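Here's query01.cif, which has mmCIF, C-alpha atoms and all ligand atoms:
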```cif
data_final
#
loop_
_atom_site.label_atom_id
_atom_site.label_comp_id
_atom_site.auth_asym_id
_atom_site.auth_seq_id
_atom_site.Cartn_x
_atom_site.Cartn_y
_atom_site.Cartn_z
CA MET A 943 68.76 97.84 95.11
CA ALA A 944 70.60 97.45 98.39
CA ALA A 945 74.02 98.99 98.78
CA ALA A 946 76.99 96.65 98.73
CA PRO A 947 77.57 95.15 102.17
CA VAL A 948 80.31 96.62 104.28
CA THR A 949 81.44 95.47 107.68
CA SER A 950 81.36 97.44 110.88
CA PRO A 951 83.75 95.83 113.32
CA GLY A 952 84.78 99.00 115.04
CA LEU A 953 81.62 100.97 115.46
CA PRO A 954 80.93 102.38 118.92
CA HIS A 955 78.42 100.40 120.94
CA ALA A 956 78.97 97.26 118.91
CA GLY A 957 78.62 94.36 121.31
CA HIS A 958 81.28 92.13 119.81
CA PRO A 959 83.70 94.37 118.00
CA SER A 960 86.03 91.55 117.06
CA ARG A 961 83.42 89.82 114.89
CA ALA A 962 82.50 91.59 111.71
CA VAL A 963 78.92 91.47 110.50
CA PRO A 964 77.60 92.79 107.21
CA VAL A 965 76.05 96.22 107.42
CA ASN A 966 74.72 97.85 104.28
CA GLU A 967 75.07 101.27 105.77
CA ALA A 968 76.24 102.87 108.97
CA VAL A 969 75.62 106.57 109.47
CA ARG A 970 76.72 108.73 112.35
CA LEU A 971 74.46 111.73 112.80
CA GLY A 972 76.60 113.70 115.19
CA PRO A 973 78.13 112.34 118.39
CA GLU A 974 74.92 110.91 119.86
CA ILE A 975 73.11 109.26 116.98
CA LEU A 976 74.13 106.16 115.08
CA ILE A 977 72.10 104.48 112.37
CA TRP A 978 72.75 101.00 111.01
CA ARG A 979 70.87 99.49 108.11
CA ARG A 980 71.00 96.02 106.62
CA ALA A 981 68.94 94.15 104.05
CA PHE A 982 68.17 90.46 104.57
CA PRO A 983 66.95 87.83 102.11
CA GLY A 984 63.30 87.01 102.65
CA ALA A 985 63.73 83.61 104.27
CA LEU A 986 62.40 82.53 107.65
CA ASP A 987 65.83 81.83 109.08
CA GLN A 988 66.76 85.44 108.41
CA ALA A 989 64.68 86.57 111.38
CA ALA A 990 67.23 84.79 113.55
CA GLU A 991 70.01 86.39 111.54
CA ALA A 992 68.41 89.79 112.13
CA ARG A 993 68.35 89.05 115.85
CA ARG A 994 72.07 88.25 115.79
CA PHE A 995 72.72 91.48 113.90
CA THR A 996 70.85 93.39 116.60
CA ARG A 997 72.71 91.63 119.39
CA PHE A 998 75.99 92.46 117.68
CA LEU A 999 75.13 96.14 117.47
CA LEU A 1000 73.44 96.66 120.83
CA GLY A 1001 75.02 93.94 122.93
CA SER A 1002 76.77 96.42 125.18
CA THR A 1003 73.65 98.52 125.78
CA ALA A 1004 70.64 98.11 128.05
CA PHE A 1005 68.50 97.59 124.96
CA ALA A 1006 70.03 94.36 123.76
CA ASP A 1007 67.41 91.87 125.00
CA ASP A 1008 64.32 93.89 124.14
CA ALA A 1009 65.68 95.05 120.81
CA GLU A 1010 66.59 91.52 119.81
CA LEU A 1011 63.09 90.32 120.62
CA VAL A 1012 61.43 93.19 118.76
CA VAL A 1013 63.59 92.73 115.67
CA GLY A 1014 62.83 89.01 115.66
CA GLU A 1015 59.09 89.63 115.74
CA LEU A 1016 59.10 92.37 113.10
CA ALA A 1017 61.45 90.49 110.80
CA GLY A 1018 59.40 87.33 111.19
CA ASN A 1019 56.29 89.25 110.26
CA ALA A 1020 57.91 90.73 107.18
CA VAL A 1021 58.79 87.25 105.95
CA ARG A 1022 55.55 85.53 106.95
CA HIS A 1023 53.00 88.18 106.07
CA THR A 1024 54.42 90.12 103.11
CA ARG A 1025 56.04 89.70 99.71
CA SER A 1026 59.35 90.01 101.50
CA GLY A 1027 58.97 86.29 102.11
CA THR A 1028 58.83 85.35 98.43
CA PRO A 1029 61.90 83.85 96.72
CA GLU A 1030 63.12 87.19 95.41
CA GLY A 1031 61.96 89.04 98.51
CA GLN A 1032 63.92 90.86 101.15
CA PHE A 1033 63.38 93.02 104.18
CA THR A 1034 65.50 95.73 105.71
CA VAL A 1035 66.28 96.33 109.36
CA GLU A 1036 67.26 99.79 110.51
CA ILE A 1037 68.45 100.51 114.03
CA THR A 1038 68.92 104.04 115.30
CA LEU A 1039 70.73 104.35 118.61
CA THR A 1040 70.62 107.67 120.39
CA SER A 1041 72.83 107.88 123.43
CA PRO A 1042 72.94 111.32 125.00
CA GLY A 1043 76.11 111.91 126.86
CA HIS A 1044 77.38 114.89 125.03
CA GLU A 1045 76.32 118.49 125.19
CA PRO A 1046 73.69 119.71 124.53
CA LEU A 1047 71.66 116.52 124.99
CA ALA A 1048 73.22 115.46 128.30
CA THR A 1049 70.46 116.84 130.47
CA SER A 1050 68.46 115.15 133.20
CA ALA A 1051 65.58 114.78 130.77
CA ALA A 1052 67.65 112.97 128.20
CA ALA A 1053 66.94 109.31 127.56
CA ALA A 1054 68.91 106.82 125.58
CA SER A 1055 66.75 105.30 122.90
CA VAL A 1056 66.65 102.81 120.10
CA LEU A 1057 64.33 103.15 117.15
CA ILE A 1058 63.86 99.86 115.33
CA THR A 1059 62.33 99.93 111.87
CA VAL A 1060 61.70 96.98 109.60
CA TYR A 1061 60.83 97.71 105.98
CA ASP A 1062 58.88 95.09 104.04
CA LEU A 1063 57.55 94.73 100.51
CA GLY A 1064 53.86 94.78 101.38
CA GLY A 1065 51.25 92.12 100.86
CA ALA A 1066 47.59 91.45 101.38
CA GLY A 1067 47.13 93.08 104.75
CA ILE A 1068 48.42 95.57 107.24
CA PRO A 1069 50.17 95.07 110.58
CA ARG A 1070 47.49 94.49 113.23
CA PHE A 1071 48.55 95.72 116.62
CA GLY A 1072 45.13 94.86 117.99
CA ASP A 1073 44.67 98.17 119.79
CA GLY A 1074 41.95 100.21 118.26
CA ASP A 1075 42.38 99.01 114.72
CA GLY A 1076 39.09 97.21 115.01
CA VAL A 1077 40.48 93.76 114.44
CA ASP A 1078 40.76 91.07 117.05
CA VAL A 1079 44.06 89.30 116.91
CA PRO A 1080 43.67 85.58 117.50
CA CYS A 1081 45.30 84.48 120.74
CA ALA A 1082 45.36 80.71 120.51
CA GLU A 1083 47.62 80.44 117.51
CA GLY A 1084 49.80 83.38 116.68
CA GLY A 1085 48.83 86.98 117.01
CA ARG A 1086 51.14 87.64 119.94
CA GLY A 1087 54.13 89.13 118.20
CA LEU A 1088 52.97 92.71 117.86
CA ALA A 1089 51.43 92.59 121.34
CA ILE A 1090 54.89 91.72 122.68
CA VAL A 1091 56.40 94.54 120.67
CA THR A 1092 53.82 96.97 122.04
CA ALA A 1093 54.50 95.83 125.60
CA LEU A 1094 58.26 96.33 125.26
CA ALA A 1095 58.19 99.58 123.36
CA GLU A 1096 57.43 103.06 124.54
CA ARG A 1097 55.70 103.59 121.20
CA ALA A 1098 55.18 101.44 118.13
CA GLY A 1099 53.41 101.81 114.83
CA PHE A 1100 53.65 101.56 111.10
CA GLN A 1101 53.37 103.56 107.91
CA GLY A 1102 52.88 102.50 104.34
CA ALA A 1103 50.40 100.50 102.34
CA PRO A 1104 49.95 96.88 101.24
CA ALA A 1105 50.80 97.81 97.64
CA THR A 1106 54.05 99.58 98.39
CA GLY A 1107 55.17 97.98 101.62
CA HIS A 1108 55.19 99.00 105.24
CA ARG A 1109 57.73 100.25 107.68
CA VAL A 1110 56.90 98.86 111.07
CA TRP A 1111 58.69 100.53 113.95
CA ALA A 1112 59.17 100.37 117.69
CA TYR A 1113 60.77 102.97 119.92
CA LEU A 1114 62.57 101.79 123.05
CA ALA A 1115 63.73 104.38 125.59
CA ARG A 1116 65.62 104.32 128.88
CA ARG A 1117 66.15 107.15 131.30
CA GLN A 1118 69.85 107.74 131.89
N1 LIG B 1 54.60 93.63 108.18
C1 LIG B 1 53.32 93.24 108.08
N2 LIG B 1 52.64 93.45 106.94
C2 LIG B 1 51.35 93.07 106.81
N3 LIG B 1 50.64 92.48 107.79
C3 LIG B 1 51.26 92.26 108.97
C4 LIG B 1 52.63 92.62 109.18
N4 LIG B 1 52.95 92.31 110.44
C5 LIG B 1 51.87 91.76 110.98
N5 LIG B 1 50.84 91.73 110.11
C6 LIG B 1 49.47 91.29 110.39
O1 LIG B 1 49.22 91.56 111.75
C7 LIG B 1 48.85 90.34 112.42
C8 LIG B 1 49.36 90.36 113.82
O2 LIG B 1 50.77 90.20 113.82
P1 LIG B 1 51.45 89.43 115.03
O3 LIG B 1 52.91 89.47 114.82
O4 LIG B 1 50.93 90.03 116.30
O5 LIG B 1 50.89 87.96 114.94
P2 LIG B 1 51.31 86.76 113.99
O6 LIG B 1 52.51 87.13 113.19
O7 LIG B 1 50.08 86.37 113.24
O8 LIG B 1 51.65 85.61 115.02
P3 LIG B 1 52.89 85.49 116.01
O9 LIG B 1 52.32 85.44 117.37
O10 LIG B 1 53.58 84.23 115.61
O11 LIG B 1 53.76 86.71 115.80
C9 LIG B 1 49.37 89.22 111.55
O12 LIG B 1 48.63 88.05 111.70
C10 LIG B 1 49.25 89.81 110.16
O13 LIG B 1 47.95 89.64 109.67
MG MG B 2 54.20 87.85 114.16
#
```

Take the structure in the file and give it back as structure tokens.
Ligand SMILES: Nc1ncnc2c1ncn2[C@@H]1O[C@H](COP(=O)(O)OP(=O)(O)OP(=O)(O)O)[C@@H](O)[C@H]1O
Ligand SMILES: [Mg+2]
Amino acid sequence: MAAAPVTSPGLPHAGHPSRAVPVNEAVRLGPEILIWRRAFPGALDQAAEARRFTRFLLGSTAFADDAELVVGELAGNAVRHTRSGTPEGQFTVEITLTSPGHEPLATSAAAASVLITVYDLGGAGIPRFGDGDGVDVPCAEGGRGLAIVTALAERAGFQGAPATGHRVWAYLARRQ
């Protein structure tokens, strides 16, 4: 059961702090790491809502465009390819922003990063990234979403199982 929605108008890095959006949970893990989590009803239009959520959170960062695209693809997949898209279904978006700028992470090797994770309810299949999983992803109609995610992300992958659901993730990083 998802936690009761709260709003996060004043969180650091929020792109549009004057407009409140629902956030189920916002966690600050020390000065550099912020985690936001929100559950969405399993309807197709909620992929667009998840994109807006991402834009709201990351709008002031260099990740906004890529993160919005990635969230849209992963959320769309959760709704279209899993039980998340059934009438009682839902999916959850989690965004972890790491922005070094404080000791001890503020070194030349430090990179700002965003880890995007979308949790679904599972279904008949598994996410097919088309790279070494032995399955050709059709190109003519569909099958581009995870390729786009892979192209934008430094790393991407998934864990889970069709019976229990998957978490599909993408890691975006920028050198400071
Ligand atoms: N969360 C998921 N759970 C189970 N299967 C998935 C999930 N995400 C993707 N898939 C499978 O991986 C395939 C590839 O996904 P991908 O997003 O690349 O293409 P698509 O969703 O079929 O088309 P589109 O180009 O519109 O995104 C899907 O067709 C589906 O079979
Ligand atoms: Mg897709």

- What residues have any atom no more than 8 Å from ligand MG 2 (chain B) when counting only C-alpha atoms and all ligand atoms, and can you list them as a list of chain:residue names?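 If we count only C-alpha atoms and all ligand atoms, the neighbours of ligand MG 2 (chain B) turn out to be A:Glu1015, A:Leu1016, A:Gly1018, A:Asn1019, A:Arg1022, A:Gly1084, A:Gly1085, A:Arg1086, A:Gly1087, A:Leu1088.
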
- Close residues to ligand LIG 1 (chain B) using all atoms listed in the file, limit 8 Å, as number ranges by chain: A: 1015-1024, 1060-1062, 1064-1072, 1079-1081, 1083-1090, 1104, 1107-1110

- Query: What is the distance between atom CA of Thr1092 of chain A and atom CA of Ala1115 of chain A, in Å to one decimal?
  - Reply: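 For atom CA of Thr1092 of chain A relative to atom CA of Ala1115 of chain A, the distance reads 12.9 Å.
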
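Nearest residue to Ala992 of chain A among A:Ile1037, A:Ala968, A:Leu976, A:Ala1095 is A:Ile1037, counting only C-alpha atoms.
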
- Query: Of the residues A:Ser1026, A:Phe995, A:Thr1038, A:Asp1007, which is the one nearest to Trp978 of chain A, using all atoms listed in the file?
  - Reply: A:Thr1038

- Query: From the list A:Ala990, A:Leu999, A:Val1012, A:Ile1058, which residue is nearest Tyr1113 of chain A when using only C-alpha atoms?
  - Reply: A:Ile1058

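In this model, the gap between atom CA of Thr996 of chain A and atom CA of Pro983 of chain A comes to 16.0 Å.
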
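Comparing the minimum interatomic distances between Thr1028 of chain A and each of A:Pro973, A:Gly984, A:Gly1014, A:Ala1004, counting only C-alpha atoms, we find that A:Gly984 sits nearest.
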
- Message: What's the separation between atom CA of Arg1025 of chain A and atom CA of Ala1103 of chain A, in Å to one decimal place?
- Response: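 Rounded to one decimal, the two atoms are 12.5 Å apart.
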
- Message: For a cutoff of 6 Å around the file-coordinate point (70.7, 89.3, 121.1), which residues qualify once you count all atoms listed in the file? I'd like the result as a PyMOL selection string.
- Response: chain A and resi 993-994+997+1006-1007+1010

Just C-alpha atoms for this one: save the residues we selected as an mmCIF file, in the coordinates of the input.
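Below is the file that was written, again.cif:
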```
data_model
loop_
_atom_site.group_PDB
_atom_site.id
_atom_site.type_symbol
_atom_site.label_atom_id
_atom_site.label_comp_id
_atom_site.auth_asym_id
_atom_site.auth_seq_id
_atom_site.Cartn_x
_atom_site.Cartn_y
_atom_site.Cartn_z
ATOM 1 C CA ARG A 993 68.350 89.050 115.850
ATOM 2 C CA ARG A 994 72.070 88.250 115.790
ATOM 3 C CA ARG A 997 72.710 91.630 119.390
ATOM 4 C CA ALA A 1006 70.030 94.360 123.760
ATOM 5 C CA ASP A 1007 67.410 91.870 125.000
ATOM 6 C CA GLU A 1010 66.590 91.520 119.810
#
```

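Among the candidates A:Val1035, A:Ala1009, A:Ala989, A:Val1091, the residue lying nearest to Val965 of chain A is A:Val1035 (atoms considered: all atoms listed in the file).
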
Step by step, gather every atom of segment 1003-1020 of chain A that the file lists, find the box along x, y and z that holds them, add 4 Å on each side, and finally give centre and edge lengths in Å to one decimal, as JSON.
```
{"center_x": 65.0, "center_y": 92.9, "center_z": 117.6, "size_x": 25.4, "size_y": 19.2, "size_z": 28.9}
```

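Nearest-residue note for Phe1033 of chain A: choosing from A:Ala1093, A:Ala981, A:Val1013, A:Leu1000, the minimum distance belongs to A:Ala981, counting all atoms listed in the file.
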